[in-house]
Protein chains: 4
Amino acid sequence: MCGIIGIYNAGGLEASLTSYNMLHALQHRGQDGCGLAAYTGDSVFLQKNLGLVNDVFDRSELPMFDEARLLLGHVLYTPRNAHNVLDTQPMVMYGRDGFMALGHNGQLVNGAALCDQLQKEGHLFQTKSDAEIFLHLIARETAKTTDFVAGIRTAINQARGSFAITMMVPDKIIGIRDSLGMRPLAIGRLDDHWFLASESCALDAVHAKLVREVEPGEIVVIDRDGLHSYLSPALPTVKKMCVFEYVYFARPDTEIDDISVYSARYHSGQALAAMAPVEADIVAGVPDSATPAAMGYAQASGIPFAQALIKSPYTGRTFIEPGQKQRERTVLLKLSPVRSQVQNKRIILVDDSIVRGTNSLLIVNLLRHAGAKEVHMRIASPPVRFPCHFGINTPSTDHLIGAKRSIEEIRKCINADSLAYLHEEALYKAVLGSVAKGVGNEFESVNGNGSFCMACFNGSYPMSIDS
Amino acid sequence: MCGIIGIYNAGGLEASLTSYNMLHALQHRGQDGCGLAAYTGDSVFLQKNLGLVNDVFDRSELPMFDEARLLLGHVLYTPRNAHNVLDTQPMVMYGRDGFMALGHNGQLVNGAALCDQLQKEGHLFQTKSDAEIFLHLIARETAKTTDFVAGIRTAINQARGSFAITMMVPDKIIGIRDSLGMRPLAIGRLDDHWFLASESCALDAVHAKLVREVEPGEIVVIDRDGLHSYLSPALPTVKKMCVFEYVYFARPDTEIDDISVYSARYHSGQALAAMAPVEADIVAGVPDSATPAAMGYAQASGIPFAQALIKSPYTGRTFIEPGQKQRERTVLLKLSPVRSQVQNKRIILVDDSIVRGTNSLLIVNLLRHAGAKEVHMRIASPPVRFPCHFGINTPSTDHLIGAKRSIEEIRKCINADSLAYLHEEALYKAVLGSVAKGVGNEFESVNGNGSFCMACFNGSYPMSIDS
Amino acid sequence: MCGIIGIYNAGGLEASLTSYNMLHALQHRGQDGCGLAAYTGDSVFLQKNLGLVNDVFDRSELPMFDEARLLLGHVLYTPRNAHNVLDTQPMVMYGRDGFMALGHNGQLVNGAALCDQLQKEGHLFQTKSDAEIFLHLIARETAKTTDFVAGIRTAINQARGSFAITMMVPDKIIGIRDSLGMRPLAIGRLDDHWFLASESCALDAVHAKLVREVEPGEIVVIDRDGLHSYLSPALPTVKKMCVFEYVYFARPDTEIDDISVYSARYHSGQALAAMAPVEADIVAGVPDSATPAAMGYAQASGIPFAQALIKSPYTGRTFIEPGQKQRERTVLLKLSPVRSQVQNKRIILVDDSIVRGTNSLLIVNLLRHAGAKEVHMRIASPPVRFPCHFGINTPSTDHLIGAKRSIEEIRKCINADSLAYLHEEALYKAVLGSVAKGVGNEFESVNGNGSFCMACFNGSYPMSIDS
Amino acid sequence: MCGIIGIYNAGGLEASLTSYNMLHALQHRGQDGCGLAAYTGDSVFLQKNLGLVNDVFDRSELPMFDEARLLLGHVLYTPRNAHNVLDTQPMVMYGRDGFMALGHNGQLVNGAALCDQLQKEGHLFQTKSDAEIFLHLIARETAKTTDFVAGIRTAINQARGSFAITMMVPDKIIGIRDSLGMRPLAIGRLDDHWFLASESCALDAVHAKLVREVEPGEIVVIDRDGLHSYLSPALPTVKKMCVFEYVYFARPDTEIDDISVYSARYHSGQALAAMAPVEADIVAGVPDSATPAAMGYAQASGIPFAQALIKSPYTGRTFIEPGQKQRERTVLLKLSPVRSQVQNKRIILVDDSIVRGTNSLLIVNLLRHAGAKEVHMRIASPPVRFPCHFGINTPSTDHLIGAKRSIEEIRKCINADSLAYLHEEALYKAVLGSVAKGVGNEFESVNGNGSFCMACFNGSYPMSIDS
């Protein structure tokens with residue numbers, strides 16, 4: 001996962017603080033590195049490095065972004081131990097038409113094949129990043145035509161996979177979303193300034209108004225004349241937004257495709273209560289991601305919600321090494337049981353998902369050690385049984401406990417008194433029903449033919465995966 | 001405020017990780033500096049510096065603490081802009097009887113007078129820290145007697161104010177609490193290892209069992225024969241534990257004097273709902289400290305609890321400067337409204353307290369900007385009208401909005417539709433009723449003659465303040 | 001300027017320390033950044049960043065280079081304020097034939113034109129670095145042929161300017177020097193291990209034996225079968241090694257093209273004494289670069305050499321800002337007069353060159369302030385009158401004091417009692433006569449048709465400069 | 001060893017830069033830590049930490065020293081692995097008369113006994129530093145009298161050992177030198193500003209004029225009325241300045257007690273040539289400390305001086321670990337042979353001293369490896385046969401090669417063709433003859449009854465060493 005932003009400064013925007021705040025709001029999407037590219041009308045500044053937004057940008061350097069008319073930003077997530085400053089984005093390349101900067105979120109299914117083909121044609125790569133592939137593809141195709149957007153269209157039509165992209169070329173900010181809309185990309189506005197961001201929470205952070213999402217397959221171009229939309233001539237009949245954004249990844253104060261992430265989780269919790277009730281004294285969530293679902297479960301079941309676990313706010317890097325014993329210690333550093341809420345209680349513990357199962361075991365034991373009488377685990381999504389090929393960093397099938405074991409076996413593995421998952425259909429309805437009007441509204445069909453990629457639960461990948 | 005720990009390692013304890021985890025659990029009590037002193041039987045190691053626990057201790061240096069038989073630790077809070085590494089604790093001093101190390105939490109009322117007197121007798125000070133005064137006092141008095149504990153008793157009898165202290169001398173860990181018990185200090189045990197810590201959450205962090213609190217006026221000495229208690233010959237008739245620890249300062253998973261902090265806050269919220277009801281759509285808390293009170297309010301009022309505000313987990317240092325406009329930006333970086341929960345809602349916003357009032361205004365406006373129809377502020381404690389002289393960093397009377405303005409005036413200042421505070425008696429009963437058996441239990445009198453220092457609310461200081 | 005290395009590890013070489021020591025020995029050629037790329041037979045590691053060798057590589061990370069069979073390293077010099085981590089080298093690119101890594105020292109005259117042409121063909125650039133241009137050129141040309149070396153030859157034949165290059169491709173280390181041999185590149189050997197380095201001092205640092213320099217226009221390929229030489233079919237009739245390497249840039253313990261840098265400077269000083277004698281008490285040099293020339297002057301004149309100026313070894317970064325007053329302070333921090341050697345003395349102060357003249361004025365005044373009676377400046381090279389287009393960072397003509405003013409005017413500017421420069425012919429003879437057999441040997445013609453680029457002195461650029 | 005400064009700012013001095021430059025000039029006396037204390041008339045600022053001057057002070061913090069009327073500074077040397085920020089100086093203590101700040105250079109012989117006694121009287125210590133002992137001693141004695149200087153006199157009369165001290169109390173800067181004058185302390189002046197500094201080079205660095213040295217046993221007090229001198233009533237008949245300051249420790253551009261360090265070394269080299277001639281091709285010195293002696297040897301012998309070894313300017317911290325093999329590598333990183341000067345040469349290598357002998361072996365081998373035909377080691381001081389108890393960090397007798405072995409044995413150990421040391425009397429005469437009028441002047445007796453501590457050479461400690 002990663003997070004992307006783009007800013008069109010119509011003049012007068014405090015560009016450095018605005019871009020800083022937007023990247024900060026997307027920090028949860030990537031903590032490995034970040035960067036900002038800015039165009040002043042004359043030249044391009046690029047500052048990027050490994051580290052958090054707070055580490056990479058400091059007071060003395062940010063002001064140089066203040067005169068920027070266009071800005072592009074990125075927060076990077078990379079698989080562990082593969083950190084290299086060259087992988088940070090935005091990537092800026094200089095070709096025949098001047099510079100092109102690009103930030104990317106998603107994952108290509110045919111990245112290796114595209115890279116091979118481009119290399120055969122003489123293209124040289126410095127990283128294994130999909131962002132670099134996109135830059136080369138777009139450069140190749142836009143060179144063949146005077147219609148820049150048509151060139152981009154030709155380029156992305158060759159790309160199979162999930163992607164949301166922001167680009168900066170002289171005088172233009174461009175937003176692109178794959179034809180299934182698998183990754184989110186929102187459009188915001190404040191006076192005459194325009195914004196693109198992976199999540200609407202980054203728009204809120206600068207008081208910009210959420211205009212709408214970029215549509216699946218849509219290319220938006222923002223220039224001095226405002227926003228121009230270029231829809232895919234062959235509009236897909238189904239949208240396949242990644243449901244895991246709602247389940248776990250996005251920030252709860254974000255809305256994606258008109259659906260409130262918070263509400264989606266709350267409704268999932270409500271549905272879970274209806275589907276898998278159990279007698280208990282309190283309902284608790286694994287903080288912070290499962291808190292809304294736990295509150296929904298509590299509301300629907302009538303069992304009081306309580307904070308059984310407290311999450312430490314001081315959990316940046318710790319000095320602790322990998323290894324099973326160490327991982328346990330990390331969980332202990334991050335999560336603490338509230339004994340007064342736990343002791344002698346029968347607890348329904350709601351989590352958003354179970355991936356490997358190792359953390360769940362540690363947390364259940366933490367509660368038992370603090371005196372819990374019973375721990376009933378309730379998962380606000382179905383078992384994760386299939387690896388994601390579209391940008392969510394799930395492990396291979398071998399390490400997915402849901403792929404290898406029955407629910408009863410998993411229950412034993414995590415030492416719970418009972419275990420239940422939300423059914424796929426129920427999750428689907430809960431998310432779809434969470435139009436951004438708040439919890440408690442009537443159920444409404446948002447989008448008759450809309451739907452989600454739920455491949456991690458059901459294996460129905462929205463396209464063939466031939467690695 | 002500060003946090004203190006002491007460890008008696010009976011042998012075999014992984015001393016470095018244990019002390020690290022305990023300090024990490026107390027990080028909220030002081031983020032300005034921290035330190036560890038360790039005694040191996042032969043020599044004393046001292047490592048301390050400005051910064052967070054994660055910054056000061058690193059992997060390569062911690063192992064040198066592993067052979068320690070005794071350890072003393074401290075996290076430091078200091079008033080802004082007064083940071084100096086010499087102020088970090090533990091302080092270690094070498095006198096006629098070898099070394100003495102000391103960590104301190106609290107505030108002396110007669111510190112300046114004691115320092116003057118000691119200076120007149122030839123004592124030299126390197127800081128203005130109360131910890132250094134205690135070291136000199138104790139050194140002076142213990143030099144006059146062969147009974148070390150009696151010397152400590154004579155020393156602390158001269159000290160007026162709040163204090164909890166951990167000390168390390170050759171082969172002994174010592175815990176001290178002032179005669180009114182104003183600051184907390186818990187005793188923990190794991191097998192033959194003994195622990196002292198400001199809050200019980202630090203005991204949980206290392207799986208130690210909370211034995212009890214150090215009693216007001218008690219000196220505890222831990223050595224190879226276990227724990228020895230030395231009670232004050234003249235036991236006070238009232239305890240005066242700082243109620244603000246329950247209201248705001250301590251971690252919710254801590255229990256102090258057998259009272260669960262979480263429950264105290266939850267009960268306060270319940271009482272607030274009974275005392276100051278208002279029609280609304282949702283109840284929300286200012287995260288994280290006011291969340292339990294908001295949940296209690298919601299439970300008692302029957303109005304659903306919702307997460308209207310999300311707190312960013314990436315809020316270490318930011319590049320933002322002081323100043324009113326900047327403070328607003330910092331609040332925006334830390335707190336985000338969940339639009340789906342806020343829009344068109346009448347919101348009851350629960351906070352733990354109002355000190356200056358400036359943040360409350362920013363937060364109310366944040367909710368209004370996100371579409372809140374009404375914002376009713378409910379404070380789970382009385383107005384803060386008097387400065388604290390015992391360790392809580394409240395500003396002078398001039399900056400306490402509760403000291404200068406009526407509740408209606410405050411309401412206008414913070415732009416709320418209505419404002420109500422919890423009454424003093426109700427807070428008292430809510431805290432006292434929160435014995436560590438979980439929310440929802442019957443009300444029980446814990447301690448017939450027990451009571452709290454509530455001077456910040458009512459001006460009844462438990463001793464005369466002649467600065 | 002920059003420094004480059006390449007290592008062929010035949011097995012058993014302690015590759016991390018070896019490459020570290022070689023880069024450390026070349027640190028004077030570039031302090032802005034550095035990097036190492038290593039090939040293990042399976043994969044390529046790349047570590048590079050802004051900063052000194054000591055900062056970029058640390059103990060915990062270097063061991064990963066130990067298994068490398070091939071290593072490529074670089075120290076970077078960049079013009080002030082243009083620092084960007086993307087400019088650091090080696091650059092590693094992945095194309096149809098796998099990876100290609102490259103490190104570069106020199107400057108292209110037709111870089112912009114080559115870049116334009118390559119961009120028109122679809123090549124994309126991330127930097128304005130000549131190194132990136134070379135990678136694209138070589139990739140393009142080697143793709144057209146199965147003879148890799150022939151491809152490199154075609155590529156470098158298109159490049160006009162000065163360059164010494166080390167490359168790494170699977171199983172091969174390659175060294176390239178431009179057809180005029182303007183930049184140095186030495187070949188070293190230790191057992192079956194082979195080394196390439198900008199200066200022979202880097203070979204000494206790892207006890208490798210200097211085999212010879214790469215010849216002008218030569219391509220050397222080192223693989224499991226040893227070193228293969230590919231000479232340019234059209235060998236140039238003249239060599240045009242940059243004379244400024246001898247005058248100022250290279251380390252005195254280096255030998256380039258069989259000429260000792262130390263001896264070249266010493267002989268220049270001797271020649272200067274013959275050409276521009278003056279009565280004085282002592283001869284002193286501006287440390288460290290002018291010390292050998294000053295000693296040569298002293299020897300030839302019979303006037304004793306003395307250390308009139310001491311250079312501080314603690315001159316890394318200082319907190320001092322740009323600006324004239326500040327520059328003066330920096331000189332004061334770096335150089336101190338030895339009063340006992342200076343007071344009441346008539347001093348001959350030898351420097352290697354005068355570029356802007358500002359430092360010379362500061363140093364003359366420093367000596368006067370310390371009591372010097374007379375200061376006679378003697379420069380061991382001719383006036384710098386023309387900008388360098390081949391890699392030495394001289395300023396534009398406007399800032400070259402030698403381009404704008406007569407010698408008498410310069411003398412006044414720098415407040416010297418007299419001023420003389422070494423004549424061009426004398427410098428030529430002094431350098432050419434300094435074959436690596438030590439000071440004091442007979443004059444020998446090394447290379448009948450050899451000569452140097454002395455364009456900064458005489459404007460005779462060895463090729464047309466059409467920026 | 002350490003370095004100390006004191007500044008009396010009469011008004012208008014740029015105090016921050018001045019103190020920074022003075023500490024920077026003394027950096028060679030201590031690289032482990034540094035600090036500055038400043039008094040504005042109202043309050044005392046103290047900034048100190050481990051690290052170099054460049055690391056501890058930065059641009060943003062220095063300006064707070066600009067308003068200071070009094071400043072005290074220190075650079076710290078501590079034995080390896082004993083680094084602790086509490087040991088850094090100045091130490092500032094607050095007693096009955098306000099603050100006292102102190103910086104110290106030297107070593108007490110009776111430090112442990114004094115500390116014991118003070119502890120018995122109730123004094124508490126935080127470090128094992130002599131500076132802290134002096135502060136307690138002075139506080140104790142000045143409390144007994146209204147005559148502050150008399151109190152200091154009583155205090156230092158109890159201290160046995162070497163010491164030079166700068167102090168700051170409200171409105172006064174004080175300088176103290178032990179009654180034998182074993183450590184240096186110079187007085188400087190610029191307009192109405194006064195300066196104290198361990199070496200005169202720190203005065204030169206700020207263009208201040210060297211007034212004179214503080215005399216043995218003298219206390220100088222600088223206040224608004226200028227400088228006041230308090231001489232010891234019982235003036236010693238002999239001065240015992242540490243001769244090793246001249247031999248190795250001080251900077252060559254420093255003058256101590258009217259003797260130029262540079263000249264002392266140069267004359268030592270001349271004397272060495274007369275005493276231990278040998279046929280050779282060149283004379284070289286181990287840079288940087290032995291360069292002047294080598295030049296003196298060359299002048300006297302008629303054999304040309306040459307730079308056979310180059311010292312790298314990039315030798316801050318390296319990543320290299322302790323251990324014999326590693327030490328060899330460090331020497332290789334720091335020193336490089338100039339092959340053209342070394343090859344086939346008979347070399348006289350001059351060093352200032354031999355302590356352990358390990359480095360000498362490495363350097364001789366370095367020259368042999370570079371082709372030296374013969375290496376004749378000449379040491380410009382006698383064999384170090386006794387440990388120093390007065391502040392020079394020589395090892396115990398066991399590790400002093402001069403204490404255990406004959407000169408012939410040492411010669412073999414260091415692999416030299418011949419080895420000779422300067423005789424004690426010759427060193428004495430060379431130093432004494434080096435009045436600060438430059439090399440080449442007539443020999444003059446500076447101070448009829450003056451002499452030096454040469455105990456490291458002859459065991460004649462100037463006072464009894466017990467414990």
# chains A, B, ... in the order shown; residues from 1 in each chain; ligands from 1

$ select_by_dssp --residues "region 164-337 of chain D" --states "strand (DSSP E)" --output "ChimeraX atom specification"
/D:164-169,172-177,186-190,193-197,209-213,219-223,226-230,241-242,255-256,259-260,282-285,309-311,335-337

$ residues_around --residues "Leu62 (chain C)" --least-positions-apart "3" --cutoff "9 Å" --atoms "only C-alpha atoms" --output "list in words"
Ser16, Leu17, Tyr20, Phe57, Asp58, Arg59, Phe65 and Asp66 of chain C

$ interface_residues --of "chain C" --to "chain A" --cutoff "12 Å" --atoms "only C-alpha atoms" --output "PyMOL selection string"
chain C and resi 44-50+82-101+115-129+132-133+135-144

$ residues_around --residues "Thr18 (chain A)" --least-positions-apart "4" --cutoff "9 Å" --atoms "only C-alpha atoms" --output "NGL selection string"
:A and (7 or 13-14 or 22-23 or 205-206)

$ atom_distance --atom1 "CA of Pro304 (chain C)" --atom2 "CA of Ala264 (chain D)"
16.8 Å

$ atom_distance --atom1 "CA of Ala10 (chain C)" --atom2 "CA of Gly226 (chain C)"
9.5 Å

$ atom_distance --atom1 "CA of Ala300 (chain A)" --atom2 "CA of Arg346 (chain A)"
17.3 Å

$ decode --residues "region 34-53 of chain A" --atoms "N, CA and C atoms" --output "compact mmCIF listing (two decimals), in the first residue's frame"
# COMPACT_ATOMS: atom_id res chain seq x y z
N CYS A 34 8.82 8.84 2.04
CA CYS A 34 7.86 9.80 1.50
C CYS A 34 8.60 10.82 0.66
N GLY A 35 7.85 11.58 -0.10
CA GLY A 35 8.48 12.56 -0.95
C GLY A 35 7.50 13.59 -1.46
N LEU A 36 8.06 14.70 -1.88
CA LEU A 36 7.29 15.78 -2.49
C LEU A 36 8.05 16.27 -3.72
N ALA A 37 7.33 16.44 -4.82
CA ALA A 37 7.90 17.10 -5.99
C ALA A 37 7.06 18.35 -6.23
N ALA A 38 7.72 19.43 -6.61
CA ALA A 38 7.01 20.69 -6.78
C ALA A 38 7.49 21.38 -8.04
N TYR A 39 6.57 22.03 -8.72
CA TYR A 39 6.89 22.75 -9.95
C TYR A 39 6.51 24.20 -9.75
N THR A 40 7.47 25.07 -9.97
CA THR A 40 7.23 26.49 -9.72
C THR A 40 6.84 27.25 -10.98
N GLY A 41 6.82 26.57 -12.10
CA GLY A 41 6.65 27.25 -13.37
C GLY A 41 7.97 27.27 -14.11
N ASP A 42 9.06 27.26 -13.35
CA ASP A 42 10.39 27.26 -13.93
C ASP A 42 11.09 25.91 -13.78
N SER A 43 11.07 25.43 -12.57
CA SER A 43 11.88 24.25 -12.30
C SER A 43 11.17 23.32 -11.34
N VAL A 44 11.74 22.13 -11.23
CA VAL A 44 11.15 21.09 -10.40
C VAL A 44 12.05 20.87 -9.18
N PHE A 45 11.47 20.92 -7.99
CA PHE A 45 12.16 20.53 -6.77
C PHE A 45 11.71 19.13 -6.40
N LEU A 46 12.61 18.34 -5.91
CA LEU A 46 12.23 17.01 -5.46
C LEU A 46 12.92 16.74 -4.14
N GLN A 47 12.13 16.43 -3.12
CA GLN A 47 12.71 16.03 -1.85
C GLN A 47 12.06 14.73 -1.42
N LYS A 48 12.86 13.70 -1.23
CA LYS A 48 12.28 12.43 -0.81
C LYS A 48 13.34 11.62 -0.10
N ASN A 49 12.89 10.77 0.78
CA ASN A 49 13.83 9.94 1.52
C ASN A 49 13.07 8.86 2.27
N LEU A 50 13.81 7.93 2.83
CA LEU A 50 13.23 6.95 3.74
C LEU A 50 12.83 7.66 5.02
N GLY A 51 11.77 7.20 5.66
CA GLY A 51 11.37 7.77 6.94
C GLY A 51 9.96 8.34 6.94
N LEU A 52 9.51 8.74 8.10
CA LEU A 52 8.18 9.31 8.27
C LEU A 52 8.16 10.76 7.74
N VAL A 53 6.97 11.25 7.50
CA VAL A 53 6.79 12.63 7.01
C VAL A 53 7.50 13.61 7.94
